[in-house]
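**Student:** So here's run.cif (mmCIF, C-alpha atoms and all ligand atoms).
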```cif
data_protein
loop_
_atom_site.label_atom_id
_atom_site.label_comp_id
_atom_site.auth_asym_id
_atom_site.auth_seq_id
_atom_site.Cartn_x
_atom_site.Cartn_y
_atom_site.Cartn_z
CA MET A 25 124.80 117.02 101.31
CA ALA A 26 125.83 113.36 101.32
CA GLU A 27 127.38 113.83 104.76
CA VAL A 28 124.14 115.14 106.21
CA ILE A 29 122.17 112.21 104.82
CA ALA A 30 124.64 109.76 106.37
CA ARG A 31 123.72 110.98 109.86
CA ILE A 32 120.07 110.04 109.54
CA TRP A 33 118.91 106.69 110.89
CA HIS A 34 116.00 105.70 108.67
CA PRO A 35 112.91 103.79 109.83
CA PHE A 36 112.54 100.05 109.13
CA THR A 37 115.98 100.14 107.50
CA GLN A 38 119.12 98.07 108.08
CA MET A 39 121.63 100.90 107.94
CA ALA A 40 124.63 98.58 107.52
CA ASN A 41 123.76 97.65 103.96
CA ALA A 42 120.94 99.96 102.89
CA GLU A 43 121.13 101.53 99.49
CA PRO A 44 121.55 105.31 99.75
CA PRO A 45 118.06 106.81 100.17
CA LEU A 46 116.51 108.47 97.15
CA GLN A 47 116.46 112.23 97.36
CA VAL A 48 112.97 113.57 96.67
CA SER A 49 112.79 117.20 95.65
CA SER A 50 109.09 117.67 94.92
CA GLY A 51 105.74 116.00 94.44
CA GLN A 52 102.77 116.79 92.21
CA GLY A 53 99.56 114.77 92.01
CA ALA A 54 100.46 111.09 91.88
CA TYR A 55 104.10 111.86 91.05
CA LEU A 56 107.27 112.19 93.08
CA TYR A 57 110.23 113.96 91.47
CA LEU A 58 113.73 112.91 92.48
CA ALA A 59 116.69 115.26 92.69
CA ASP A 60 118.21 113.61 89.61
CA GLY A 61 115.10 114.53 87.61
CA LYS A 62 113.55 111.05 87.61
CA ARG A 63 109.76 110.82 88.04
CA LEU A 64 108.05 108.08 90.05
CA ILE A 65 104.35 107.21 90.23
CA ASP A 66 103.59 107.03 93.95
CA CYS A 67 101.71 103.71 93.93
CA ILE A 68 101.74 103.40 97.73
CA SER A 69 100.54 106.90 98.57
CA SER A 70 103.79 107.56 100.46
CA TRP A 71 103.24 104.89 103.11
CA TRP A 72 99.45 104.99 102.79
CA VAL A 73 98.89 108.58 103.85
CA ASN A 74 98.37 110.56 100.68
CA ILE A 75 94.87 110.55 99.21
CA HIS A 76 94.47 113.60 96.93
CA GLY A 77 97.96 113.61 95.42
CA HIS A 78 101.09 115.51 96.45
CA ALA A 79 101.27 119.25 97.07
CA HIS A 80 97.54 119.73 96.53
CA PRO A 81 97.07 123.51 96.31
CA GLN A 82 93.83 123.62 98.34
CA ILE A 83 95.40 121.85 101.30
CA ALA A 84 98.63 123.85 100.99
CA GLU A 85 96.58 127.05 100.98
CA ALA A 86 94.56 125.99 104.05
CA ILE A 87 97.78 125.33 106.00
CA TYR A 88 99.23 128.67 104.93
CA GLU A 89 96.11 130.60 105.94
CA GLN A 90 95.98 128.83 109.28
CA ALA A 91 99.70 129.39 109.97
CA ARG A 92 99.16 133.13 109.61
CA LYS A 93 96.32 132.99 112.14
CA LEU A 94 97.24 130.44 114.81
CA GLU A 95 99.91 127.78 114.48
CA GLN A 96 99.53 125.98 117.83
CA VAL A 97 97.89 126.33 121.22
CA ILE A 98 97.60 124.16 124.32
CA PHE A 99 94.49 121.96 123.90
CA ALA A 100 93.64 121.44 127.57
CA GLY A 101 91.28 124.22 128.54
CA PHE A 102 91.45 125.72 125.04
CA THR A 103 89.98 124.91 121.66
CA HIS A 104 90.04 126.35 118.15
CA GLU A 105 88.01 126.50 114.97
CA PRO A 106 89.88 123.89 112.84
CA ALA A 107 89.59 121.21 115.57
CA GLU A 108 85.92 122.02 116.19
CA GLN A 109 85.18 121.90 112.47
CA LEU A 110 87.04 118.67 111.92
CA ALA A 111 85.30 116.93 114.82
CA SER A 112 81.86 117.92 113.55
CA LEU A 113 82.71 116.82 110.00
CA LEU A 114 84.07 113.44 111.09
CA VAL A 115 80.99 112.42 113.00
CA THR A 116 78.76 113.03 109.97
CA ARG A 117 80.28 110.03 108.19
CA LEU A 118 81.45 107.76 110.99
CA PRO A 119 79.22 104.88 112.07
CA GLN A 120 76.32 106.04 114.15
CA GLY A 121 77.03 106.61 117.81
CA LEU A 122 80.70 107.51 117.42
CA SER A 123 80.46 111.03 118.69
CA HIS A 124 83.34 111.98 121.01
CA VAL A 125 86.60 112.89 119.32
CA PHE A 126 89.96 112.64 121.13
CA PHE A 127 92.99 114.03 119.25
CA SER A 128 96.58 112.79 119.09
CA ASP A 129 99.45 112.82 116.61
CA ASN A 130 99.81 109.56 114.71
CA GLY A 131 98.37 106.10 114.20
CA SER A 132 100.28 104.49 117.05
CA THR A 133 99.16 107.07 119.60
CA SER A 134 95.57 106.81 118.40
CA VAL A 135 95.78 103.09 119.22
CA GLU A 136 97.44 103.76 122.59
CA VAL A 137 94.59 106.13 123.38
CA SER A 138 91.98 103.54 122.38
CA LEU A 139 93.39 100.84 124.59
CA LYS A 140 93.86 103.14 127.57
CA MET A 141 90.26 104.31 127.06
CA ALA A 142 89.00 100.74 126.93
CA TYR A 143 91.03 99.69 129.97
CA GLN A 144 89.92 102.67 132.04
CA TYR A 145 86.33 102.30 130.87
CA TRP A 146 86.01 99.06 132.85
CA GLN A 147 87.76 100.61 135.85
CA ASN A 148 85.30 103.47 135.71
CA LEU A 149 82.59 100.83 136.05
CA GLY A 150 84.40 99.23 138.98
CA GLN A 151 85.77 96.24 137.04
CA GLU A 152 89.36 95.14 136.55
CA ARG A 153 89.74 93.79 133.01
CA LYS A 154 93.34 93.17 132.05
CA ARG A 155 93.37 91.32 128.74
CA PHE A 156 92.80 92.23 125.12
CA ILE A 157 92.01 90.23 122.01
CA ALA A 158 93.60 90.95 118.63
CA PHE A 159 94.21 89.12 115.35
CA GLN A 160 97.18 87.13 114.11
CA GLY A 161 99.16 89.27 111.69
CA GLY A 162 97.52 92.46 112.97
CA TYR A 163 99.62 95.62 112.97
CA HIS A 164 98.73 98.63 115.10
CA GLY A 165 101.86 100.75 115.26
CA ASP A 166 105.32 100.82 116.82
CA THR A 167 104.84 102.13 120.38
CA VAL A 168 104.72 99.55 123.17
CA GLY A 169 100.96 99.37 123.62
CA ALA A 170 100.41 99.27 119.88
CA MET A 171 103.07 96.55 119.59
CA SER A 172 101.24 94.56 122.24
CA MET A 173 98.02 94.75 120.24
CA GLY A 174 100.02 93.88 117.14
CA ARG A 175 101.95 91.07 118.78
CA GLY A 176 100.92 88.81 115.93
CA SER A 177 103.18 90.85 113.65
CA PRO A 178 106.62 89.40 112.76
CA PHE A 179 108.40 92.63 113.74
CA TRP A 180 108.09 92.39 117.50
CA GLU A 181 109.54 89.05 118.56
CA ARG A 182 112.50 90.64 120.33
CA PHE A 183 110.20 92.88 122.39
CA GLU A 184 108.08 89.98 123.62
CA ASN A 185 108.92 90.54 127.29
CA LEU A 186 107.83 94.16 127.17
CA LEU A 187 104.36 93.43 125.83
CA PHE A 188 101.17 93.11 127.86
CA ALA A 189 98.56 90.37 127.71
CA VAL A 190 96.90 90.06 124.33
CA ASP A 191 95.36 86.85 123.00
CA LEU A 192 95.30 86.25 119.27
CA VAL A 193 92.65 84.87 116.95
CA PRO A 194 93.33 83.70 113.36
CA PHE A 195 92.47 86.21 110.64
CA PRO A 196 90.44 84.64 107.80
CA ALA A 197 92.37 86.24 104.93
CA THR A 198 90.71 85.68 101.58
CA TRP A 199 91.14 86.38 97.85
CA GLN A 200 89.46 85.94 94.47
CA ASN A 201 87.93 82.47 94.03
CA ASP A 202 88.86 81.36 97.55
CA GLU A 203 86.85 78.23 98.25
CA ASP A 204 87.81 77.92 101.89
CA VAL A 205 86.74 81.34 103.08
CA VAL A 206 83.64 80.24 104.97
CA GLN A 207 85.56 77.53 106.76
CA LYS A 208 88.37 79.93 107.70
CA GLU A 209 85.83 82.37 109.10
CA GLU A 210 84.13 79.66 111.12
CA GLU A 211 87.45 78.58 112.58
CA ALA A 212 88.35 82.15 113.51
CA LEU A 213 84.98 82.72 115.18
CA ALA A 214 85.25 79.42 117.04
CA ALA A 215 88.73 80.44 118.29
CA LEU A 216 87.31 83.76 119.45
CA LEU A 217 84.45 82.10 121.31
CA GLU A 218 86.83 79.62 122.86
CA LEU A 219 88.93 82.45 124.31
CA LEU A 220 85.85 84.17 125.66
CA ASP A 221 84.60 80.96 127.27
CA LYS A 222 87.93 79.97 128.73
CA THR A 223 88.26 82.84 131.18
CA SER A 224 88.56 82.01 134.87
CA SER A 225 85.10 82.99 135.99
CA GLY A 226 83.34 81.35 133.07
CA ILE A 227 82.11 84.75 131.99
CA ASN A 228 84.40 86.94 129.95
CA GLU A 229 85.35 89.40 132.64
CA ASP A 230 89.07 89.25 131.90
CA TYR A 231 88.73 90.93 128.52
CA ALA A 232 88.51 94.69 128.11
CA ALA A 233 88.27 94.85 124.32
CA LEU A 234 88.89 93.28 120.96
CA CYS A 235 90.99 95.39 118.59
CA MET A 236 91.25 94.80 114.84
CA GLU A 237 92.02 96.33 111.48
CA PRO A 238 88.65 96.05 109.73
CA LEU A 239 88.53 94.55 106.20
CA VAL A 240 92.25 94.90 105.45
CA GLN A 241 95.28 93.99 107.55
CA GLY A 242 97.79 96.41 106.03
CA ALA A 243 101.31 95.65 107.20
CA ALA A 244 100.56 91.93 107.36
CA GLY A 245 100.48 92.01 103.56
CA MET A 246 97.16 93.63 102.57
CA ARG A 247 95.24 90.63 103.88
CA VAL A 248 91.55 91.10 103.17
CA CYS A 249 88.55 89.64 105.02
CA ARG A 250 84.83 89.79 104.19
CA THR A 251 82.31 92.23 105.61
CA GLU A 252 80.25 89.25 106.83
CA PHE A 253 83.11 88.26 109.11
CA LEU A 254 83.33 91.73 110.67
CA ARG A 255 79.62 91.68 111.41
CA LYS A 256 79.91 88.34 113.18
CA VAL A 257 82.88 89.50 115.25
CA ALA A 258 80.92 92.60 116.23
CA GLU A 259 77.89 90.48 117.23
CA ILE A 260 80.06 88.32 119.45
CA CYS A 261 81.65 91.35 121.14
CA ARG A 262 78.18 92.76 121.82
CA ALA A 263 76.82 89.48 123.13
CA ARG A 264 79.83 88.89 125.39
CA ASN A 265 79.99 92.50 126.53
CA ILE A 266 83.51 93.42 125.51
CA LEU A 267 84.39 96.66 123.75
CA LEU A 268 85.10 96.62 120.02
CA ILE A 269 87.96 98.81 118.75
CA PHE A 270 88.44 99.31 115.02
CA ASP A 271 91.88 100.48 114.00
CA GLU A 272 90.98 102.36 110.81
CA VAL A 273 94.31 104.17 110.70
CA MET A 274 94.92 102.79 107.22
CA THR A 275 91.38 101.87 106.08
CA GLY A 276 89.75 105.23 106.85
CA PHE A 277 88.93 108.09 104.48
CA GLY A 278 87.91 106.13 101.41
CA ARG A 279 90.67 103.51 101.28
CA THR A 280 88.32 100.53 101.19
CA GLY A 281 85.96 102.17 98.69
CA ASP A 282 83.60 103.65 101.27
CA TRP A 283 84.20 106.44 103.77
CA PHE A 284 85.27 103.96 106.43
CA ALA A 285 85.61 100.17 106.47
CA SER A 286 83.16 100.07 109.38
CA VAL A 287 80.60 101.94 107.28
CA LYS A 288 81.17 99.57 104.37
CA ALA A 289 80.60 96.59 106.68
CA GLY A 290 77.70 98.18 108.54
CA VAL A 291 79.38 97.72 111.92
CA ASN A 292 79.33 100.22 114.79
CA PRO A 293 82.46 99.77 116.92
CA ASP A 294 82.71 101.39 120.36
CA ILE A 295 85.99 103.08 119.54
CA ILE A 296 87.62 103.90 116.21
CA CYS A 297 91.23 104.99 115.50
CA LEU A 298 91.92 107.29 112.54
CA SER A 299 95.12 108.76 111.13
CA LYS A 300 97.13 108.42 107.86
CA GLY A 301 94.67 109.83 105.27
CA ILE A 302 93.06 112.18 107.78
CA SER A 303 95.13 115.23 106.77
CA GLY A 304 95.31 114.21 103.12
CA GLY A 305 98.85 113.07 103.87
CA PHE A 306 100.14 116.56 104.68
CA LEU A 307 100.71 116.65 108.44
CA PRO A 308 100.75 114.17 111.33
CA LEU A 309 97.38 113.96 113.06
CA SER A 310 95.09 111.33 114.49
CA THR A 311 91.85 110.92 116.36
CA THR A 312 90.34 108.25 118.57
CA VAL A 313 86.57 108.53 118.45
CA CYS A 314 84.34 106.76 120.97
CA ASN A 315 80.64 106.34 121.61
CA GLU A 316 78.51 107.74 124.40
CA ARG A 317 78.78 104.56 126.47
CA VAL A 318 82.57 104.88 126.74
CA PHE A 319 82.60 108.67 127.08
CA ALA A 320 79.92 108.80 129.76
CA SER A 321 81.84 106.36 131.98
CA PHE A 322 84.59 108.99 132.39
CA LEU A 323 82.25 111.69 133.72
CA ASP A 324 82.52 112.32 137.45
CA HIS A 325 82.53 115.15 139.96
CA THR A 326 86.03 114.22 141.15
CA ASN A 327 89.22 113.58 139.16
CA ALA A 328 89.05 109.85 139.77
CA LYS A 329 87.73 109.14 136.29
CA THR A 330 89.56 111.84 134.31
CA PHE A 331 91.33 110.58 131.20
CA TYR A 332 94.94 111.58 131.82
CA HIS A 333 96.30 111.55 128.32
CA GLY A 334 97.50 114.27 125.95
CA HIS A 335 100.42 115.26 123.73
CA SER A 336 102.23 118.56 123.26
CA TYR A 337 100.80 118.97 119.77
CA THR A 338 97.35 117.54 120.44
CA ALA A 339 94.96 118.82 117.75
CA ASN A 340 97.62 121.02 116.14
CA PRO A 341 95.69 123.74 114.27
CA LEU A 342 97.74 123.42 111.07
CA ALA A 343 97.12 119.68 110.91
CA CYS A 344 93.42 120.19 111.65
CA ALA A 345 93.15 122.86 108.95
CA ALA A 346 94.77 120.46 106.48
CA ALA A 347 92.31 117.75 107.57
CA VAL A 348 89.29 120.02 107.08
CA ALA A 349 90.51 120.97 103.58
CA SER A 350 91.18 117.31 102.81
CA TRP A 351 87.68 116.36 104.00
CA HIS A 352 86.08 118.86 101.62
CA LEU A 353 88.12 117.46 98.72
CA LEU A 354 87.05 113.97 99.69
CA LEU A 355 83.39 115.07 99.67
CA GLN A 356 83.78 116.69 96.26
CA ASN A 357 85.62 113.74 94.75
CA GLN A 358 83.92 110.76 96.40
CA ASP A 359 83.54 109.09 93.02
CA GLN A 360 87.30 108.69 92.85
CA PHE A 361 87.50 106.31 95.79
CA LYS A 362 84.14 104.71 95.09
CA ASN A 363 85.10 103.88 91.49
CA MET A 364 88.69 102.88 92.05
CA GLU A 365 88.04 99.18 92.63
CA ALA A 366 86.40 98.77 89.23
CA ARG A 367 89.41 100.44 87.61
CA LEU A 368 91.90 98.29 89.53
CA ARG A 369 90.00 95.17 88.44
CA ARG A 370 89.80 96.24 84.82
CA PHE A 371 93.51 96.95 84.45
CA PHE A 372 94.30 93.71 86.26
CA GLN A 373 92.25 91.81 83.69
CA GLU A 374 93.85 93.65 80.82
CA GLU A 375 97.46 93.53 82.00
CA LEU A 376 98.06 90.76 84.55
CA GLN A 377 95.28 88.16 84.52
CA GLY A 378 96.75 84.67 84.14
CA ASN A 379 100.31 85.77 84.94
CA LYS A 380 102.11 82.63 86.13
CA TRP A 381 103.89 84.39 89.02
CA ILE A 382 100.70 85.70 90.61
CA LYS A 383 98.46 84.06 93.19
CA HIS A 384 95.76 85.13 95.65
CA GLU A 385 94.87 88.40 93.94
CA ARG A 386 92.42 90.57 95.87
CA PHE A 387 90.79 93.97 95.61
CA CYS A 388 89.34 96.18 98.31
CA GLY A 389 88.34 99.68 97.27
CA THR A 390 91.53 101.52 96.35
CA ILE A 391 93.79 98.56 97.20
CA PHE A 392 94.97 95.78 94.89
CA ALA A 393 97.32 93.04 96.15
CA PHE A 394 98.63 89.59 95.33
CA GLU A 395 101.38 87.19 96.36
CA THR A 396 104.31 86.46 94.09
CA LYS A 397 104.96 82.75 93.70
CA THR A 398 108.49 82.01 94.91
CA ALA A 399 110.40 78.99 96.18
CA GLU A 400 110.48 80.60 99.65
CA GLN A 401 107.66 80.91 102.18
CA ASP A 402 105.07 83.68 101.83
CA SER A 403 106.47 86.16 104.36
CA TYR A 404 107.53 89.71 105.03
CA PHE A 405 111.11 88.45 105.06
CA ASN A 406 110.88 86.83 101.63
CA SER A 407 114.10 87.83 99.89
CA ILE A 408 112.44 88.73 96.61
CA ALA A 409 111.25 92.04 98.11
CA SER A 410 114.47 94.00 97.83
CA ALA A 411 115.22 92.91 94.27
CA MET A 412 111.72 93.85 93.18
CA LYS A 413 111.73 97.16 94.99
CA LYS A 414 114.82 98.19 93.08
CA ARG A 415 113.42 97.08 89.75
CA PHE A 416 110.20 99.02 90.36
CA ILE A 417 112.16 102.24 90.85
CA GLU A 418 113.98 101.60 87.59
CA GLU A 419 110.58 101.18 85.94
CA GLY A 420 109.45 104.54 87.32
CA VAL A 421 107.02 103.38 90.01
CA LEU A 422 107.20 103.53 93.79
CA ILE A 423 105.97 100.08 94.81
CA ARG A 424 107.28 98.69 98.10
CA PRO A 425 106.61 94.96 98.39
CA LEU A 426 105.71 93.54 101.80
CA GLY A 427 107.86 90.45 101.43
CA ASN A 428 106.47 88.63 98.40
CA THR A 429 103.21 90.57 98.57
CA ILE A 430 102.94 93.23 95.89
CA TYR A 431 100.25 95.86 96.23
CA LEU A 432 99.01 99.07 94.69
CA MET A 433 97.46 101.70 96.93
CA PRO A 434 97.64 104.90 94.89
CA PRO A 435 96.33 108.38 95.66
CA TYR A 436 92.70 108.59 94.51
CA CYS A 437 93.57 111.11 91.79
CA VAL A 438 95.77 108.64 89.87
CA SER A 439 94.97 108.61 86.13
CA ASP A 440 94.02 105.58 84.04
CA GLU A 441 97.21 106.02 82.09
CA ASP A 442 99.36 105.89 85.23
CA LEU A 443 97.46 102.90 86.59
CA ARG A 444 97.99 100.96 83.38
CA PHE A 445 101.65 101.97 83.39
CA SER A 446 101.99 100.65 86.96
CA TYR A 447 100.39 97.30 86.09
CA ARG A 448 102.77 96.97 83.15
CA ALA A 449 105.69 97.79 85.44
CA ILE A 450 104.55 94.91 87.67
CA ALA A 451 104.38 92.52 84.70
CA LYS A 452 107.88 93.50 83.57
CA THR A 453 109.31 93.27 87.07
CA LEU A 454 107.78 89.83 87.66
CA ALA A 455 109.24 88.64 84.35
CA SER A 456 112.73 89.91 85.16
CA THR A 457 112.99 88.99 88.87
CA CYS A 458 111.09 85.69 89.08
CA GLU A 459 112.65 83.81 86.17
C1 LIG A 501 100.29 102.69 110.02
C2 LIG A 501 99.37 102.07 110.98
C3 LIG A 501 99.43 102.36 112.35
C4 LIG A 501 100.49 103.23 112.94
O1 LIG A 501 100.43 104.54 112.49
P1 LIG A 501 101.70 105.49 112.62
O2 LIG A 501 101.19 106.80 112.17
O3 LIG A 501 102.74 104.90 111.71
O4 LIG A 501 102.12 105.47 114.04
C5 LIG A 501 98.49 101.79 113.17
N1 LIG A 501 97.53 100.98 112.69
C6 LIG A 501 97.45 100.68 111.38
C7 LIG A 501 96.35 99.79 110.91
C8 LIG A 501 98.37 101.20 110.48
O5 LIG A 501 98.30 100.86 109.18
#
```
As structure tokens - that is how I would like this structure written.
Ligand SMILES: *Cc1c(COP(=O)(O)O)cnc(C)c1O

**Tutor:**
Amino acid sequence: MAEVIARIWHPFTQMANAEPPLQVSSGQGAYLYLADGKRLIDCISSWWVNIHGHAHPQIAEAIYEQARKLEQVIFAGFTHEPAEQLASLLVTRLPQGLSHVFFSDNGSTSVEVSLKMAYQYWQNLGQERKRFIAFQGGYHGDTVGAMSMGRGSPFWERFENLLFAVDLVPFPATWQNDEDVVQKEEEALAALLELLDKTSSGINEDYAALCMEPLVQGAAGMRVCRTEFLRKVAEICRARNILLIFDEVMTGFGRTGDWFASVKAGVNPDIICLSKGISGGFLPLSTTVCNERVFASFLDHTNAKTFYHGHSYTANPLACAAAVASWHLLLQNQDQFKNMEARLRRFFQEELQGNKWIKHERFCGTIFAFETKTAEQDSYFNSIASAMKKRFIEEGVLIRPLGNTIYLMPPYCVSDEDLRFSYRAIAKTLASTCE
């Protein structure tokens, strides 16, 4: 067994000195069970995908039933019930106007699709718009287009020469009792306007779209901004006639305490990217949903405006069946994600408030995050991360710090008892690693 494991090259892992990976044999609700019998509370929803807990019987059943009927079929020229159902369910809760659903396989491809859509949209109208706007720290996935959009992320420096033209605007990250938030927002908006004014022709005809993670920048360290800021960004995009893309790969399906971050903020983007929670965390699936304006521009009697994009497993029926089952669970249990923020705040007050190692605490729906005070810079590469990660496992919780940022993002079914346990594990870990 050990030999087999040694052949696998793990993601985001330095294989030269990585600890042997933990062998997971099963999952149940918020728990993961390791091969050695140890139980972990999955405080990060297995890289932000799981929303109803592990091995949920209703989703497992839906996949089984679907597998006995139709496991996969080409999606060009064909369709099937689970995809049709999912598309009609999605549009009931997405911001108004988002009505045309394009399927792909993961968050990165949903972003690739969105930027190709936006780029071709302007071509369909007879305009050549080559540039995009994104936010500093933004993360949109690991494929080349998604890296370009996320070029403000620290991961991609070595790929710089491969990336296409994206201009960055500061992200006004905020936290509890942040006195500078309004000023940060004004500076970000001024930077955005400056970019839009600077273009060669004086009007913003170089820019195809602005792409952002609404409300929470995930990989950047759970950096939160206010709904007011999103509304102002959206107003500017409207006024300057560039498309607005929301990457809700992480924030969708209840994560920010409402169905979607865009709904919470009352903003209607032109294109939205969804993945991660879409299938309840069971199977890879994503969608890029656009409005009528974008969709209609592709309609033509020739092939000149056809959208030439698609993947082998586009709209895989098993993944769609899982997503439909997950959607119904989400509908039934909406209170779980709507009430989570109050619970996260309460346990913070009871277990961590005033802790001398904690700064910049923030809450957004089902997400709680803060920075650990260290002698080093706040950064993904802060060396405290690996020591803490190890300690958390010893404490019985799966918490994976982003540098010196610690966050909880549990499945919505997590119990009060397990939440309190996780906060206490944080307190203990801070005490033992920061001293
Ligand atoms: C995770 C993530 C992606 C990439 O999704 P993958 O499924 O890992 O390709 C894109 N955007 C955001 C905001 C994400 O959090």

**Student:** Counting all atoms listed in the file, find the residues whose atoms lie at most 8 Å from (89.7, 89.3, 93.3) (file coordinates) and write them out as a ChimeraX atom specification.

**Tutor:** /A:199-201,369,384-387

**Student:** Could you report the residues within 9 Å of ligand LIG 501 (chain A), using all atoms listed in the file, as number ranges by chain?

**Tutor:** A: 71-73, 129-135, 162-167, 170, 174, 236-238, 240-243, 270-275, 297-300, 308-310

**Student:** Tell me which protein, DNA and RNA residues are within 12 Å of A:Glu374, counting only C-alpha atoms, leaving out same-chain ones fewer than 5 positions away, and put them as a PDB file with C-alpha atoms, in the frame of the given file.

**Tutor:**
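Dumped everything to selection.pdb:
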```
ATOM      1  CA  ARG A 367      89.410 100.440  87.610  1.00  0.00           C
ATOM      2  CA  LEU A 368      91.900  98.290  89.530  1.00  0.00           C
ATOM      3  CA  ARG A 369      90.000  95.170  88.440  1.00  0.00           C
ATOM      4  CA  ASN A 379     100.310  85.770  84.940  1.00  0.00           C
ATOM      5  CA  LEU A 443      97.460 102.900  86.590  1.00  0.00           C
ATOM      6  CA  ARG A 444      97.990 100.960  83.380  1.00  0.00           C
ATOM      7  CA  PHE A 445     101.650 101.970  83.390  1.00  0.00           C
ATOM      8  CA  TYR A 447     100.390  97.300  86.090  1.00  0.00           C
ATOM      9  CA  ARG A 448     102.770  96.970  83.150  1.00  0.00           C
ATOM     10  CA  ALA A 451     104.380  92.520  84.700  1.00  0.00           C
TER      11      ALA A 451
END
```

**Student:** Using all atoms listed in the file, which protein or nucleic acid residues come within 12 Å of A:Lys208? Drop anything in the same chain fewer than 2 positions from it, and give the result as a compact mmCIF listing (two decimals) with C-alpha atoms, keeping the file's coordinate frame.

**Tutor:**
```txt
# COMPACT_ATOMS: atom_id res chain seq x y z
CA VAL A 193 92.65 84.87 116.95
CA PRO A 194 93.33 83.70 113.36
CA PHE A 195 92.47 86.21 110.64
CA PRO A 196 90.44 84.64 107.80
CA ALA A 197 92.37 86.24 104.93
CA THR A 198 90.71 85.68 101.58
CA ASP A 202 88.86 81.36 97.55
CA GLU A 203 86.85 78.23 98.25
CA ASP A 204 87.81 77.92 101.89
CA VAL A 205 86.74 81.34 103.08
CA VAL A 206 83.64 80.24 104.97
CA GLU A 210 84.13 79.66 111.12
CA GLU A 211 87.45 78.58 112.58
CA ALA A 212 88.35 82.15 113.51
CA LEU A 213 84.98 82.72 115.18
CA ALA A 214 85.25 79.42 117.04
CA ALA A 215 88.73 80.44 118.29
CA CYS A 249 88.55 89.64 105.02
CA ARG A 250 84.83 89.79 104.19
CA PHE A 253 83.11 88.26 109.11
```

**Student:** Starting from the point (81.5, 114.2, 104.7), work out which residues of protein, DNA or RNA have an atom no more than 7 Å away when counting only C-alpha atoms; state them as number ranges by chain.

**Tutor:** A: 113-114, 116-117, 351, 355

**Student:** Could you state the separation of atom CA of A:Cys344 and atom CA of A:Leu110 in Å, given to one decimal place?

**Tutor:**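 Atom-to-atom, atom CA of A:Cys344 to atom CA of A:Leu110, that is 6.6 Å.
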
**Student:** By how many Å are atom CA of A:Ser446 and atom CA of A:Gly278 apart?

**Tutor:** 20.9 Å

**Student:** Go through A:Ser286, A:Thr280, A:Gln377, A:Ser321 one by one, measure the shortest atom-to-atom distance of each to A:Gln120 using only C-alpha atoms, and give the residue with the smallest value.

**Tutor:**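 Result for the nearest residue to A:Gln120: A:Ser286.
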
**Student:** For a test of reading the model, state the distance in Å between atom CA of A:Asp66 and atom CA of A:Leu422, rounded to one decimal.

**Tutor:**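 Computing the Euclidean distance for atom CA of A:Asp66 and atom CA of A:Leu422 yields 5.0 Å.
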
**Student:** Residues near A:Arg255, anyone? I mean within 8 Å using all atoms listed in the file, not counting same-chain ones fewer than 5 positions away, as a ChimeraX atom specification.

**Tutor:** /A:289-291

**Student:** Hey, can you spit out that residue selection with C-alpha atoms as a PDB file, keeping the file's coordinate frame?

**Tutor:**
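The result, written out as result17.pdb:
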```
ATOM      1  CA  ALA A 289      80.600  96.590 106.680  1.00  0.00           C
ATOM      2  CA  GLY A 290      77.700  98.180 108.540  1.00  0.00           C
ATOM      3  CA  VAL A 291      79.380  97.720 111.920  1.00  0.00           C
TER       4      VAL A 291
END
```

**Student:** Choose the residue, out of A:Cys388, A:Ile408, A:Cys261, A:Met39, that has the smallest atom-to-atom separation from A:Asn363; count only C-alpha atoms.

**Tutor:** A:Cys388

**Student:** What's the 10 Å shell around A:Asn357, counting only C-alpha atoms, without same-chain residues fewer than 5 positions away, as a ChimeraX atom specification?

**Tutor:** /A:76,351-352,362,436-437

**Student:** Ranking A:Val318, A:His325, A:Phe392, A:Ala233 by minimum distance to A:Val248 and counting all atoms listed in the file, which one comes first?

**Tutor:**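 Closest to A:Val248 of all the choices is A:Phe392.
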
**Student:** Find the residue from A:Met173, A:Ala54, A:Glu152, A:Val48 that sits nearest to A:Tyr231; use only C-alpha atoms when measuring.

**Tutor:**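 Of all the options, A:Glu152 lies closest to A:Tyr231.
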
**Student:** Leaving out A:Gly53 and any residue of its chain fewer than 6 positions from it, which residues lie within 10 Å of it when counting only C-alpha atoms, given as a compact mmCIF listing (two decimals) with C-alpha atoms, in the frame of the given file?

**Tutor:**
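Output file selection.txt follows:
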```
# COMPACT_ATOMS: atom_id res chain seq x y z
CA ILE A 65 104.35 107.21 90.23
CA ASP A 66 103.59 107.03 93.95
CA ASN A 74 98.37 110.56 100.68
CA ILE A 75 94.87 110.55 99.21
CA HIS A 76 94.47 113.60 96.93
CA GLY A 77 97.96 113.61 95.42
CA HIS A 78 101.09 115.51 96.45
CA ALA A 79 101.27 119.25 97.07
CA HIS A 80 97.54 119.73 96.53
CA PRO A 435 96.33 108.38 95.66
CA TYR A 436 92.70 108.59 94.51
CA CYS A 437 93.57 111.11 91.79
CA VAL A 438 95.77 108.64 89.87
CA SER A 439 94.97 108.61 86.13
```

**Student:** Which one is closest to A:Phe372: A:Val257, A:Leu432, A:Met171, A:Leu94? Count all atoms listed in the file.

**Tutor:**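 For A:Phe372, the nearest of the candidates is A:Leu432.
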
**Student:** Choose the residue, out of A:Gln360, A:Thr429, A:Gln373, A:Ser336, that has the smallest atom-to-atom separation from A:Ser403; count only C-alpha atoms.

**Tutor:**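 Closest candidate: A:Thr429.
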